$ cat my_file06.pdb   # PDB, C-alpha atoms
ATOM      1  CA  MET R 117       7.790   7.902  11.507
ATOM      2  CA  TYR R 118       6.658   5.434   8.922
ATOM      3  CA  ARG R 119       6.950   1.690   9.224
ATOM      4  CA  THR R 120       6.807  -0.969   6.536
ATOM      5  CA  ILE R 121       4.465  -3.869   7.063
ATOM      6  CA  VAL R 122       6.393  -7.055   6.537
ATOM      7  CA  ALA R 123       4.745  -9.242   9.170
ATOM      8  CA  LEU R 124       4.332 -12.490   7.324
ATOM      9  CA  ALA R 125       1.823 -13.832   9.815
ATOM     10  CA  LEU R 126      -0.519 -10.966   9.023
ATOM     11  CA  ALA R 127       0.099 -11.288   5.300
ATOM     12  CA  SER R 128      -0.527 -15.007   5.381
ATOM     13  CA  ALA R 129      -3.775 -14.564   7.271
ATOM     14  CA  LEU R 130      -5.010 -11.946   4.855
ATOM     15  CA  ALA R 131      -3.890 -13.845   1.765
ATOM     16  CA  ALA R 132      -5.703 -16.911   3.021
ATOM     17  CA  CYS R 133      -9.095 -15.221   2.782
ATOM     18  CA  ASP R 134     -11.126 -15.903  -0.345
ATOM     19  CA  PRO R 135     -10.960 -12.673  -2.408
ATOM     20  CA  ALA R 136     -14.402 -13.063  -3.931
ATOM     21  CA  THR R 137     -13.175 -15.669  -6.448
ATOM     22  CA  LEU R 138     -10.330 -13.708  -7.977
ATOM     23  CA  THR R 139      -9.172 -15.826 -10.887
ATOM     24  CA  SER R 140      -8.171 -13.552 -12.485
ATOM     25  CA  GLY R 141      19.282   1.466 -15.418
ATOM     26  CA  GLY R 142      20.795   3.059 -18.421
ATOM     27  CA  SER R 143      18.205   3.060 -21.099
ATOM     28  CA  SER R 144      17.802   3.650 -24.778
ATOM     29  CA  GLY R 145      15.077   5.546 -26.543
ATOM     30  CA  ILE R 146      13.542   7.114 -23.448
ATOM     31  CA  GLY R 147      13.404  10.709 -22.358
ATOM     32  CA  THR R 148      12.895  12.521 -19.098
ATOM     33  CA  GLY R 149      10.173  15.011 -19.971
ATOM     34  CA  ALA R 150       9.637  17.848 -17.519
ATOM     35  CA  GLN R 151       6.231  18.150 -15.889
ATOM     36  CA  PRO R 152       3.901  20.879 -17.174
ATOM     37  CA  LEU R 153       3.287  24.002 -15.154
ATOM     38  CA  ILE R 154       0.250  24.066 -12.892
ATOM     39  CA  ALA R 155      -1.660  27.025 -11.526
ATOM     40  CA  GLU R 156      -0.534  28.361  -8.178
ATOM     41  CA  PRO R 157      -2.895  27.775  -5.243
ATOM     42  CA  ASP R 158      -5.243  30.562  -4.225
ATOM     43  CA  ALA R 159      -4.077  33.050  -1.640
ATOM     44  CA  VAL R 160      -4.961  32.312   1.978
ATOM     45  CA  ASP R 161      -5.774  34.879   4.665
ATOM     46  CA  GLY R 162      -3.305  37.730   4.664
ATOM     47  CA  GLY R 163      -2.735  37.531   0.910
ATOM     48  CA  THR R 164       0.046  34.918   1.139
ATOM     49  CA  VAL R 165       0.228  31.636  -0.747
ATOM     50  CA  ASP R 166       0.428  28.411   1.213
ATOM     51  CA  PRO R 167       3.401  26.568  -0.366
ATOM     52  CA  ASP R 168       2.083  23.207   0.864
ATOM     53  CA  ALA R 169      -1.464  23.592  -0.460
ATOM     54  CA  ASP R 170      -2.537  21.059  -3.071
ATOM     55  CA  PRO R 171      -3.890  23.032  -6.055
ATOM     56  CA  ASP R 172      -6.053  20.093  -7.137
ATOM     57  CA  PRO R 173      -6.827  17.729  -4.237
ATOM     58  CA  ASP R 174      -9.420  15.790  -6.251
ATOM     59  CA  ASN R 175      -6.782  14.478  -8.680
ATOM     60  CA  LEU R 176      -3.689  12.479  -7.749
ATOM     61  CA  TYR R 177      -0.898  11.683 -10.218
ATOM     62  CA  THR R 178       2.175   9.453  -9.979
ATOM     63  CA  SER R 179       4.327  12.550 -10.542
ATOM     64  CA  GLU R 180       3.224  13.626  -7.029
ATOM     65  CA  LEU R 181       4.592  10.496  -5.350
ATOM     66  CA  LYS R 182       7.831  10.794  -3.432
ATOM     67  CA  ASN R 183      10.897   9.847  -5.488
ATOM     68  CA  ALA R 184       8.725   9.605  -8.603
ATOM     69  CA  SER R 185      10.518   8.723 -11.839
ATOM     70  CA  ALA R 186      10.580  11.498 -14.418
ATOM     71  CA  ASP R 187       9.056   9.218 -17.048
ATOM     72  CA  LEU R 188       5.790   8.867 -15.092
ATOM     73  CA  THR R 189       4.403  11.764 -17.098
ATOM     74  CA  VAL R 190       0.615  11.270 -17.125
ATOM     75  CA  ASN R 191      -1.036  14.518 -16.001
ATOM     76  CA  GLU R 192      -4.697  14.038 -16.897
ATOM     77  CA  MET R 193      -7.255  11.254 -17.308
ATOM     78  CA  ALA R 194     -10.840  11.332 -18.554
ATOM     79  CA  PHE R 195     -13.453   8.631 -19.123
ATOM     80  CA  ASP R 196     -16.627   8.817 -21.190
ATOM     81  CA  PRO R 197     -19.114   6.195 -19.938
ATOM     82  CA  ALA R 198     -21.332   6.793 -22.971
ATOM     83  CA  THR R 199     -18.659   5.668 -25.436
ATOM     84  CA  GLY R 200     -16.389   3.686 -23.125
ATOM     85  CA  GLU R 201     -13.421   5.723 -24.338
ATOM     86  CA  LEU R 202     -10.558   6.507 -21.970
ATOM     87  CA  VAL R 203      -8.058   9.340 -22.416
ATOM     88  CA  PHE R 204      -4.604   9.745 -20.869
ATOM     89  CA  ASN R 205      -2.684  12.962 -21.466
ATOM     90  CA  ASN R 206       1.051  13.671 -21.739
ATOM     91  CA  LEU R 207       2.280  10.334 -23.094
ATOM     92  CA  PRO R 208       4.381  10.579 -26.272
ATOM     93  CA  PHE R 209       3.511   8.494 -29.326
ATOM     94  CA  ASP R 210       0.239   7.141 -27.941
ATOM     95  CA  SER R 211      -2.139   8.633 -30.529
ATOM     96  CA  ASN R 212      -2.795   9.268 -34.174
ATOM     97  CA  GLN R 213      -5.544  11.866 -34.303
ATOM     98  CA  ALA R 214      -6.287  11.279 -37.970
ATOM     99  CA  LEU R 215      -6.935   7.579 -37.368
ATOM    100  CA  ALA R 216      -8.496   7.328 -33.935
ATOM    101  CA  GLY R 217      -8.690  10.687 -32.185
ATOM    102  CA  GLU R 218      -6.318  12.322 -29.744
ATOM    103  CA  ASN R 219      -4.986  10.198 -26.860
ATOM    104  CA  VAL R 220      -7.901   7.752 -27.099
ATOM    105  CA  TYR R 221      -7.765   4.325 -25.419
ATOM    106  CA  THR R 222     -10.312   1.579 -26.085
ATOM    107  CA  ARG R 223     -11.297  -1.494 -24.085
ATOM    108  CA  ASN R 224      -9.336  -4.678 -24.757
ATOM    109  CA  ALA R 225     -11.725  -7.624 -24.396
ATOM    110  CA  ALA R 226      -9.492 -10.600 -23.513
ATOM    111  CA  PRO R 227      -7.499  -9.123 -20.616
ATOM    112  CA  SER R 228     -10.640  -7.317 -19.430
ATOM    113  CA  ALA R 229     -12.282 -10.698 -19.019
ATOM    114  CA  ALA R 230      -9.293 -11.869 -16.976
ATOM    115  CA  LEU R 231      -9.669  -8.829 -14.690
ATOM    116  CA  ALA R 232     -13.468  -9.034 -14.508
ATOM    117  CA  THR R 233     -13.722  -9.956 -10.823
ATOM    118  CA  THR R 234     -11.805  -6.795  -9.895
ATOM    119  CA  GLY R 235     -14.192  -4.430 -11.675
ATOM    120  CA  PHE R 236     -11.270  -3.147 -13.763
ATOM    121  CA  ASP R 237     -11.072  -3.192 -17.533
ATOM    122  CA  ALA R 238      -7.947  -3.393 -19.696
ATOM    123  CA  TYR R 239      -7.335  -0.798 -22.408
ATOM    124  CA  ARG R 240      -4.973  -0.181 -25.329
ATOM    125  CA  ASN R 241      -4.238   3.074 -27.109
ATOM    126  CA  ALA R 242      -6.401   3.091 -30.215
ATOM    127  CA  ALA R 243      -3.601   4.036 -32.622
ATOM    128  CA  GLY R 244      -0.049   5.342 -32.376
ATOM    129  CA  PRO R 245       1.929   7.255 -34.999
ATOM    130  CA  GLY R 246       2.173   4.243 -37.316
ATOM    131  CA  GLY R 247      -1.317   3.009 -36.549
ATOM    132  CA  GLY R 248      -0.131   0.411 -34.031
ATOM    133  CA  SER R 249      -0.686   0.197 -30.274
ATOM    134  CA  GLN R 250       2.140   0.192 -27.735
ATOM    135  CA  TYR R 251       0.437   1.440 -24.571
ATOM    136  CA  PHE R 252      -1.456  -0.792 -22.119
ATOM    137  CA  ALA R 253      -3.768   0.417 -19.356
ATOM    138  CA  VAL R 254      -6.196  -0.614 -16.620
ATOM    139  CA  PHE R 255      -9.132   1.509 -15.481
ATOM    140  CA  ARG R 256     -12.076   1.373 -13.119
ATOM    141  CA  ARG R 257     -14.840   3.751 -12.108
ATOM    142  CA  SER R 258     -16.459   2.751  -8.808
ATOM    143  CA  ALA R 259     -20.053   1.488  -8.828
ATOM    144  CA  THR R 260     -21.160   4.565  -6.879
ATOM    145  CA  GLY R 261     -19.392   6.968  -9.214
ATOM    146  CA  PHE R 262     -17.555   8.525  -6.250
ATOM    147  CA  SER R 263     -14.075   7.753  -7.630
ATOM    148  CA  GLN R 264     -12.068   6.312 -10.510
ATOM    149  CA  VAL R 265      -8.489   5.178 -11.065
ATOM    150  CA  GLY R 266      -6.317   4.228 -14.022
ATOM    151  CA  ALA R 267      -2.743   3.158 -14.767
ATOM    152  CA  VAL R 268      -0.797   2.939 -18.013
ATOM    153  CA  GLY R 269       2.555   1.638 -19.278
ATOM    154  CA  SER R 270       4.305   0.850 -22.564
ATOM    155  CA  ASP R 271       6.459  -1.795 -24.256
ATOM    156  CA  ARG R 272       7.737   0.719 -26.835
ATOM    157  CA  TYR R 273      11.090   1.293 -25.127
ATOM    158  CA  LEU R 274      14.127  -0.718 -24.134
ATOM    159  CA  SER R 275      13.531   0.367 -20.550
ATOM    160  CA  PHE R 276      10.355   1.055 -18.578
ATOM    161  CA  GLY R 277       9.331   3.915 -20.844
ATOM    162  CA  PHE R 278       6.582   6.419 -20.192
ATOM    163  CA  GLY R 279       3.457   5.810 -18.152
ATOM    164  CA  GLY R 280       1.785   6.723 -14.894
ATOM    165  CA  ALA R 281      -1.370   6.440 -12.840
ATOM    166  CA  VAL R 282      -4.213   8.741 -11.836
ATOM    167  CA  ALA R 283      -6.684   8.561  -8.926
ATOM    168  CA  GLN R 284      -9.675  10.898  -9.050
ATOM    169  CA  ARG R 285     -12.374  11.923  -6.575
ATOM    170  CA  LEU R 286     -15.571  12.516  -8.543
ATOM    171  CA  ASP R 287     -18.095  13.174  -5.777
ATOM    172  CA  GLY R 288     -18.027  14.309  -2.146
ATOM    173  CA  LYS R 289     -15.175  15.653  -0.052
ATOM    174  CA  GLY R 290     -14.235  12.254   1.366
ATOM    175  CA  ALA R 291     -14.590  13.285   5.022
ATOM    176  CA  LEU R 292     -15.050  10.283   7.307
ATOM    177  CA  PRO R 293     -17.582  10.561  10.143
ATOM    178  CA  ASN R 294     -16.023  10.865  13.593
ATOM    179  CA  THR R 295     -18.421   8.319  15.076
ATOM    180  CA  ASN R 296     -15.530   5.862  15.046
ATOM    181  CA  ASP R 297     -11.759   6.241  15.263
ATOM    182  CA  ALA R 298     -10.797   3.362  12.971
ATOM    183  CA  TYR R 299     -12.078   2.046   9.652
ATOM    184  CA  VAL R 300     -11.226  -0.932   7.453
ATOM    185  CA  PHE R 301     -11.595  -0.610   3.685
ATOM    186  CA  THR R 302     -11.540  -3.632   1.370
ATOM    187  CA  GLY R 303     -11.584  -3.666  -2.407
ATOM    188  CA  GLU R 304      -9.797  -4.495  -5.625
ATOM    189  CA  TYR R 305      -6.508  -3.674  -7.319
ATOM    190  CA  ALA R 306      -5.196  -3.877 -10.882
ATOM    191  CA  ALA R 307      -1.930  -2.874 -12.518
ATOM    192  CA  VAL R 308       0.124  -2.872 -15.681
ATOM    193  CA  ARG R 309       3.569  -4.424 -15.386
ATOM    194  CA  THR R 310       6.478  -3.569 -17.669
ATOM    195  CA  VAL R 311       9.017  -6.402 -17.838
ATOM    196  CA  VAL R 312      12.446  -5.542 -19.248
ATOM    197  CA  ASP R 313      13.605  -9.019 -20.258
ATOM    198  CA  ASP R 314      17.308  -9.134 -21.080
ATOM    199  CA  THR R 315      16.755 -11.938 -23.600
ATOM    200  CA  THR R 316      13.451 -11.175 -25.335
ATOM    201  CA  GLY R 317      12.995  -7.415 -24.862
ATOM    202  CA  THR R 318      10.320  -5.368 -23.141
ATOM    203  CA  ARG R 319       6.849  -6.833 -22.665
ATOM    204  CA  MET R 320       3.662  -5.959 -20.799
ATOM    205  CA  GLU R 321       1.675  -7.926 -18.243
ATOM    206  CA  TYR R 322      -1.381  -7.309 -16.072
ATOM    207  CA  VAL R 323      -1.797  -7.844 -12.328
ATOM    208  CA  SER R 324      -4.899  -8.223 -10.159
ATOM    209  CA  GLY R 325      -5.249  -8.271  -6.398
ATOM    210  CA  VAL R 326      -7.249  -7.522  -3.269
ATOM    211  CA  SER R 327      -6.725  -4.222  -1.428
ATOM    212  CA  LEU R 328      -6.910  -4.043   2.369
ATOM    213  CA  ILE R 329      -6.623  -0.524   3.811
ATOM    214  CA  ASP R 330      -6.623   0.309   7.552
ATOM    215  CA  VAL R 331      -7.447   3.879   8.610
ATOM    216  CA  ASP R 332      -7.147   5.531  12.041
ATOM    217  CA  ILE R 333      -8.456   9.111  12.124
ATOM    218  CA  GLN R 334      -7.527   9.837  15.749
ATOM    219  CA  ASP R 335      -3.963   8.547  15.994
ATOM    220  CA  PHE R 336      -1.574  10.019  15.106
ATOM    221  CA  ASP R 337      -3.111  12.892  17.081
ATOM    222  CA  VAL R 338      -2.989  15.532  14.368
ATOM    223  CA  THR R 339      -2.709  13.606  11.111
ATOM    224  CA  GLY R 340      -4.277  10.179  11.537
ATOM    225  CA  ALA R 341      -2.720   7.126   9.887
ATOM    226  CA  VAL R 342      -3.345   4.891   6.867
ATOM    227  CA  GLU R 343      -1.592   1.679   5.833
ATOM    228  CA  GLY R 344      -2.451  -1.392   3.843
ATOM    229  CA  LEU R 345      -1.717  -4.500   1.814
ATOM    230  CA  ILE R 346      -2.371  -5.734  -1.713
ATOM    231  CA  VAL R 347      -2.756  -9.522  -1.499
ATOM    232  CA  SER R 348      -4.060 -12.508  -3.487
ATOM    233  CA  ARG R 349      -2.130 -11.279  -6.500
ATOM    234  CA  GLU R 350      -2.533 -12.912  -9.918
ATOM    235  CA  PHE R 351      -0.481 -12.206 -13.044
ATOM    236  CA  PHE R 352      -1.559 -12.284 -16.706
ATOM    237  CA  ASP R 353       0.205 -11.878 -20.019
ATOM    238  CA  ALA R 354      -0.759  -9.153 -22.492
ATOM    239  CA  ASN R 355      -3.545 -11.353 -23.868
ATOM    240  CA  GLY R 356      -5.072 -12.013 -20.464
ATOM    241  CA  VAL R 357      -3.710 -15.551 -20.042
ATOM    242  CA  ASN R 358      -3.024 -16.351 -16.397
ATOM    243  CA  ILE R 359       0.652 -16.957 -15.536
ATOM    244  CA  ALA R 360       0.035 -19.803 -13.096
ATOM    245  CA  ASP R 361       3.653 -20.012 -11.881
ATOM    246  CA  LEU R 362       3.362 -16.487 -10.443
ATOM    247  CA  SER R 363       0.060 -16.936  -8.593
ATOM    248  CA  ARG R 364       0.387 -15.193  -5.204
ATOM    249  CA  ALA R 365       4.154 -14.984  -5.644
ATOM    250  CA  ASP R 366       4.287 -11.845  -3.495
ATOM    251  CA  PHE R 367       2.206  -9.155  -1.812
ATOM    252  CA  LEU R 368       2.479  -5.369  -1.710
ATOM    253  CA  SER R 369       3.038  -3.592   1.584
ATOM    254  CA  LEU R 370       1.775   0.008   1.747
ATOM    255  CA  ALA R 371       3.657   1.702   4.577
ATOM    256  CA  THR R 372       2.005   4.020   7.085
ATOM    257  CA  ALA R 373       0.992   7.384   5.645
ATOM    258  CA  GLU R 374      -0.707  10.472   7.067
ATOM    259  CA  ILE R 375      -4.084  12.084   6.338
ATOM    260  CA  ASN R 376      -4.565  15.731   5.410
ATOM    261  CA  PHE R 377      -7.914  16.424   7.064
ATOM    262  CA  ASP R 378      -8.382  19.673   5.148
ATOM    263  CA  THR R 379      -8.454  17.866   1.798
ATOM    264  CA  TRP R 380      -8.934  14.245   2.923
ATOM    265  CA  THR R 381      -5.903  13.170   0.937
ATOM    266  CA  ILE R 382      -3.224  10.654   1.937
ATOM    267  CA  SER R 383       0.461  11.559   1.962
ATOM    268  CA  SER R 384       2.888   9.658  -0.235
ATOM    269  CA  SER R 385       4.610   6.806   1.589
ATOM    270  CA  ASP R 386       6.737   3.748   0.806
ATOM    271  CA  ALA R 387       5.471   0.688  -1.054
ATOM    272  CA  SER R 388       7.250  -2.655  -1.263
ATOM    273  CA  ALA R 389       6.766  -5.987  -3.005
ATOM    274  CA  VAL R 390       7.431  -8.771  -0.496
ATOM    275  CA  ARG R 391       7.906 -12.432  -1.415
ATOM    276  CA  SER R 392       6.449 -15.232   0.661
ATOM    277  CA  ASP R 393       9.866 -15.771   2.282
ATOM    278  CA  GLY R 394       9.917 -12.156   3.501
ATOM    279  CA  GLU R 395      12.410 -10.794   0.989
ATOM    280  CA  VAL R 396      11.625  -7.304  -0.334
ATOM    281  CA  THR R 397      12.174  -7.491  -4.096
ATOM    282  CA  GLN R 398      10.747  -4.214  -5.385
ATOM    283  CA  SER R 399      10.293  -0.774  -3.855
ATOM    284  CA  GLY R 400       8.454   2.426  -4.626
ATOM    285  CA  SER R 401       5.662   4.567  -3.242
ATOM    286  CA  TRP R 402       1.915   4.946  -2.935
ATOM    287  CA  SER R 403      -0.698   7.579  -2.111
ATOM    288  CA  GLY R 404      -4.452   8.031  -2.185
ATOM    289  CA  LEU R 405      -7.502  10.058  -1.313
ATOM    290  CA  PHE R 406     -10.900   9.542   0.246
ATOM    291  CA  ALA R 407     -14.072   9.943  -1.814
ATOM    292  CA  GLY R 408     -17.818  10.144  -1.331
ATOM    293  CA  PRO R 409     -20.011  12.363   0.854
ATOM    294  CA  ASN R 410     -19.022  10.394   3.974
ATOM    295  CA  GLY R 411     -15.683   8.906   2.999
ATOM    296  CA  GLU R 412     -17.270   5.733   1.651
ATOM    297  CA  GLU R 413     -14.282   4.968  -0.603
ATOM    298  CA  VAL R 414     -10.524   5.257  -0.667
ATOM    299  CA  VAL R 415      -8.846   5.352  -4.076
ATOM    300  CA  GLY R 416      -5.086   5.098  -4.520
ATOM    301  CA  ILE R 417      -2.120   4.558  -6.815
ATOM    302  CA  VAL R 418       1.002   2.416  -6.392
ATOM    303  CA  VAL R 419       4.368   2.200  -8.171
ATOM    304  CA  VAL R 420       7.069  -0.401  -7.424
ATOM    305  CA  GLU R 421      10.245  -1.240  -9.344
ATOM    306  CA  GLY R 422      12.970  -3.869  -8.994
ATOM    307  CA  GLN R 423      13.727  -7.530  -9.595
ATOM    308  CA  GLY R 424      10.317  -9.148  -9.911
ATOM    309  CA  PRO R 425       9.348 -12.767 -10.579
ATOM    310  CA  VAL R 426       8.553 -13.613 -14.206
ATOM    311  CA  GLY R 427       8.570 -17.434 -14.093
ATOM    312  CA  ILE R 428      10.012 -20.512 -12.403
ATOM    313  CA  ASP R 429      13.290 -22.183 -13.345
ATOM    314  CA  PRO R 430      12.357 -25.851 -13.939
ATOM    315  CA  ALA R 431      15.848 -26.987 -12.931
ATOM    316  CA  THR R 432      15.884 -25.313  -9.523
ATOM    317  CA  GLY R 433      12.252 -24.534  -8.760
ATOM    318  CA  GLU R 434      13.320 -20.947  -7.940
ATOM    319  CA  PHE R 435      11.751 -17.827  -9.375
ATOM    320  CA  ILE R 436      13.305 -16.346 -12.495
ATOM    321  CA  THR R 437      13.507 -12.577 -12.024
ATOM    322  CA  GLN R 438      13.856  -9.601 -14.348
ATOM    323  CA  GLU R 439      13.674  -5.831 -13.957
ATOM    324  CA  VAL R 440      10.009  -4.878 -13.668
ATOM    325  CA  ARG R 441       7.940  -1.782 -12.995
ATOM    326  CA  GLU R 442       4.388  -2.178 -11.736
ATOM    327  CA  VAL R 443       2.014   0.795 -11.909
ATOM    328  CA  GLY R 444      -1.417   0.175 -10.424
ATOM    329  CA  GLY R 445      -4.446   1.488  -8.625
ATOM    330  CA  PHE R 446      -7.078   0.385  -6.141
ATOM    331  CA  ILE R 447     -10.569   1.306  -5.001
ATOM    332  CA  ALA R 448     -11.682   0.086  -1.574
ATOM    333  CA  THR R 449     -14.881   0.639   0.402
ATOM    334  CA  ARG R 450     -15.875   0.516   4.058
ATOM    335  CA  PRO R 451     -18.960  -1.143   5.569
TER     336      PRO R 451
END
$ encode --input "my_file06.pdb" --output "structure tokens"
Amino acid sequence: MYRTIVALALASALAACDPATLTSGGSSGIGTGAQPLIAEPDAVDGGTVDPDADPDPDNLYTSELKNASADLTVNEMAFDPATGELVFNNLPFDSNQALAGENVYTRNAAPSAALATTGFDAYRNAAGPGGGSQYFAVFRRSATGFSQVGAVGSDRYLSFGFGGAVAQRLDGKGALPNTNDAYVFTGEYAAVRTVVDDTTGTRMEYVSGVSLIDVDIQDFDVTGAVEGLIVSREFFDANGVNIADLSRADFLSLATAEINFDTWTISSSDASAVRSDGEVTQSGSWSGLFAGPNGEEVVGIVVVEGQGPVGIDPATGEFITQEVREVGGFIATRP
């Protein structure tokens, strides 16, 4: 039913566009925390409970993605525009309430500057148990205030560790007008990238990109269809320094998903990282939801894992690869 977009001609054409001057296994010490209980959905006509109903269609978490890893534990996100403070819930060892409040993340200036053209900011947890910071995040609230998205990861562990992403609809039901059958959304993407380096240990990086989302609300007949790409990708170290060797090293393919027209949410579907030679190097999943009174925005989350590029071997000119997990989000708008 679903198909993965790996047409390099399309990817090349899209990557060639100017993205508004974007410059920008076995493990140790990691658990598999169970997800918290959530309230059952309300009863539908006849007093029965719809087992497929989403109890909270305005919030999307990585734990809801198909084949989600158990360590993607984030189950709540909140942002205070008055203070600029960001909060992620359900991540162990990310806060020290006596020092900096509970689960508080604060803006990190240098990598935020690197991500500036995407509208995303970079964040760090304000203080962990020992007063240090080992969680890294990206976050953006849309200019309209219709939606927001955030993603978080950690270098605390010898493997990918805990993290996750959240997409939230803040205003409107997201219903697209039926005056047209197809819509194109364009926007920005940012991610945190956990690199498990077998020589130097775990480290964090940031990723930026351009999101291109195609939507058809009439075909498939009953569910519609959504698919997309994340292109023009740039990579940065934890301090926001651009890793030039990795510039546009790959793109993300977001395979065809379906629309739930009752909630204007997007089903979870496959996501893949595809190198310029067509090789799929990382795999995972994505999902999203529409936001705004007339579906002006689509906000989504993406997770991919596998052997990702981390540099170039000077002797061979080939990419050096390591195990990586990328957790990101996008906000895209239509004309």
$ closest_residue --input "my_file06.pdb" --among "R:Val300, R:Leu207, R:Val418, R:Val440" --to "Gly317 in chain R" --atoms "only C-alpha atoms"
R:Val440
$ residues_around --input "my_file06.pdb" --residues "Ile329 in chain R" --least-positions-apart "2" --cutoff "8 Å" --atoms "all atoms listed in the file" --output "VMD selection string"
chain R and resid 300 to 302 327 331 342 to 345 448
$ write_last_selection --input "my_file06.pdb" --atoms "C-alpha atoms" --output "short mmCIF file (atom, residue, chain, number, x, y, z; two decimals), keeping the file's coordinate frame"
data_model
loop_
_atom_site.label_atom_id
_atom_site.label_comp_id
_atom_site.auth_asym_id
_atom_site.auth_seq_id
_atom_site.Cartn_x
_atom_site.Cartn_y
_atom_site.Cartn_z
CA VAL R 300 -11.23 -0.93 7.45
CA PHE R 301 -11.60 -0.61 3.68
CA THR R 302 -11.54 -3.63 1.37
CA SER R 327 -6.72 -4.22 -1.43
CA VAL R 331 -7.45 3.88 8.61
CA VAL R 342 -3.34 4.89 6.87
CA GLU R 343 -1.59 1.68 5.83
CA GLY R 344 -2.45 -1.39 3.84
CA LEU R 345 -1.72 -4.50 1.81
CA ALA R 448 -11.68 0.09 -1.57
#
$ atom_distance --input "my_file06.pdb" --atom1 "CA of Ser270 in chain R" --atom2 "CA of Glu439 in chain R"
14.4 Å
$ residues_around --input "my_file06.pdb" --residues "Ser179 in chain R" --least-positions-apart "6" --cutoff "12 Å" --atoms "only C-alpha atoms" --output "PyMOL selection string"
chain R and resi 149-152+185-192+206+278-283+384+401-403+417-419
$ write_last_selection --input "my_file06.pdb" --atoms "C-alpha atoms" --output "mmCIF file, keeping the file's coordinate frame"
data_model
loop_
_atom_site.group_PDB
_atom_site.id
_atom_site.type_symbol
_atom_site.label_atom_id
_atom_site.label_comp_id
_atom_site.auth_asym_id
_atom_site.auth_seq_id
_atom_site.Cartn_x
_atom_site.Cartn_y
_atom_site.Cartn_z
ATOM 1 C CA GLY R 149 10.173 15.011 -19.971
ATOM 2 C CA ALA R 150 9.637 17.848 -17.519
ATOM 3 C CA GLN R 151 6.231 18.150 -15.889
ATOM 4 C CA PRO R 152 3.901 20.879 -17.174
ATOM 5 C CA SER R 185 10.518 8.723 -11.839
ATOM 6 C CA ALA R 186 10.580 11.498 -14.418
ATOM 7 C CA ASP R 187 9.056 9.218 -17.048
ATOM 8 C CA LEU R 188 5.790 8.867 -15.092
ATOM 9 C CA THR R 189 4.403 11.764 -17.098
ATOM 10 C CA VAL R 190 0.615 11.270 -17.125
ATOM 11 C CA ASN R 191 -1.036 14.518 -16.001
ATOM 12 C CA GLU R 192 -4.697 14.038 -16.897
ATOM 13 C CA ASN R 206 1.051 13.671 -21.739
ATOM 14 C CA PHE R 278 6.582 6.419 -20.192
ATOM 15 C CA GLY R 279 3.457 5.810 -18.152
ATOM 16 C CA GLY R 280 1.785 6.723 -14.894
ATOM 17 C CA ALA R 281 -1.370 6.440 -12.840
ATOM 18 C CA VAL R 282 -4.213 8.741 -11.836
ATOM 19 C CA ALA R 283 -6.684 8.561 -8.926
ATOM 20 C CA SER R 384 2.888 9.658 -0.235
ATOM 21 C CA SER R 401 5.662 4.567 -3.242
ATOM 22 C CA TRP R 402 1.915 4.946 -2.935
ATOM 23 C CA SER R 403 -0.698 7.579 -2.111
ATOM 24 C CA ILE R 417 -2.120 4.558 -6.815
ATOM 25 C CA VAL R 418 1.002 2.416 -6.392
ATOM 26 C CA VAL R 419 4.368 2.200 -8.171
#
$ atom_distance --input "my_file06.pdb" --atom1 "CA of Pro451 in chain R" --atom2 "CA of Pro409 in chain R"
14.3 Å
$ axis_aligned_box --input "my_file06.pdb" --around "range 171-186 of chain R" --padding-each-side "5 Å" --output "lines of an AutoDock Vina configuration file"
center_x = 0.7
center_y = 15.9
center_z = -8.9
size_x = 30.3
size_y = 24.3
size_z = 21.0
$ atom_distance --input "my_file06.pdb" --atom1 "CA of Ser385 in chain R" --atom2 "CA of Leu370 in chain R"
7.4 Å
$ resolve_selection --input "my_file06.pdb" --expression "the PyMOL selection byres ((chain R and resi 353) around 9)" --output "ChimeraX atom specification"
/R:227,319-323,351-352,354-359
$ residues_around --input "my_file06.pdb" --residues "Glu218 in chain R" --least-positions-apart "5" --cutoff "12 Å" --atoms "all atoms listed in the file" --output "list in words"
Glu201, Leu202, Val203, Phe204, Asn205, Asn206, Leu207, Pro208, Phe209, Asp210, Ser211, Asn212, Gln213, Asn241, Ala242, Ala243, Gly244 and Pro245 of chain R
$ residues_around --input "my_file06.pdb" --residues "Gly400 in chain R" --least-positions-apart "2" --cutoff "12 Å" --atoms "all atoms listed in the file" --output "ChimeraX atom specification"
/R:120,178,181-185,368-371,384-390,396-398,402-403,417-422,440-444
$ residues_around --input "my_file06.pdb" --residues "Gly325 in chain R" --least-positions-apart "3" --cutoff "8 Å" --atoms "all atoms listed in the file" --output "list in words"
Leu138, Thr234, Glu304, Tyr305, Ala306, Ile346, Val347, Ser348, Arg349 and Glu350 of chain R
$ resolve_selection --input "my_file06.pdb" --expression "the PyMOL selection byres ((chain R and resi 332) around 10)" --output "compact mmCIF listing (two decimals) with C-alpha atoms, keeping the file's coordinate frame"
# COMPACT_ATOMS: atom_id res chain seq x y z
CA ASN R 296 -15.53 5.86 15.05
CA ASP R 297 -11.76 6.24 15.26
CA ALA R 298 -10.80 3.36 12.97
CA TYR R 299 -12.08 2.05 9.65
CA VAL R 300 -11.23 -0.93 7.45
CA ASP R 330 -6.62 0.31 7.55
CA VAL R 331 -7.45 3.88 8.61
CA ILE R 333 -8.46 9.11 12.12
CA GLN R 334 -7.53 9.84 15.75
CA ASP R 335 -3.96 8.55 15.99
CA PHE R 336 -1.57 10.02 15.11
CA ASP R 337 -3.11 12.89 17.08
CA THR R 339 -2.71 13.61 11.11
CA GLY R 340 -4.28 10.18 11.54
CA ALA R 341 -2.72 7.13 9.89
CA VAL R 342 -3.34 4.89 6.87
CA GLU R 343 -1.59 1.68 5.83
CA GLU R 374 -0.71 10.47 7.07
CA ILE R 375 -4.08 12.08 6.34
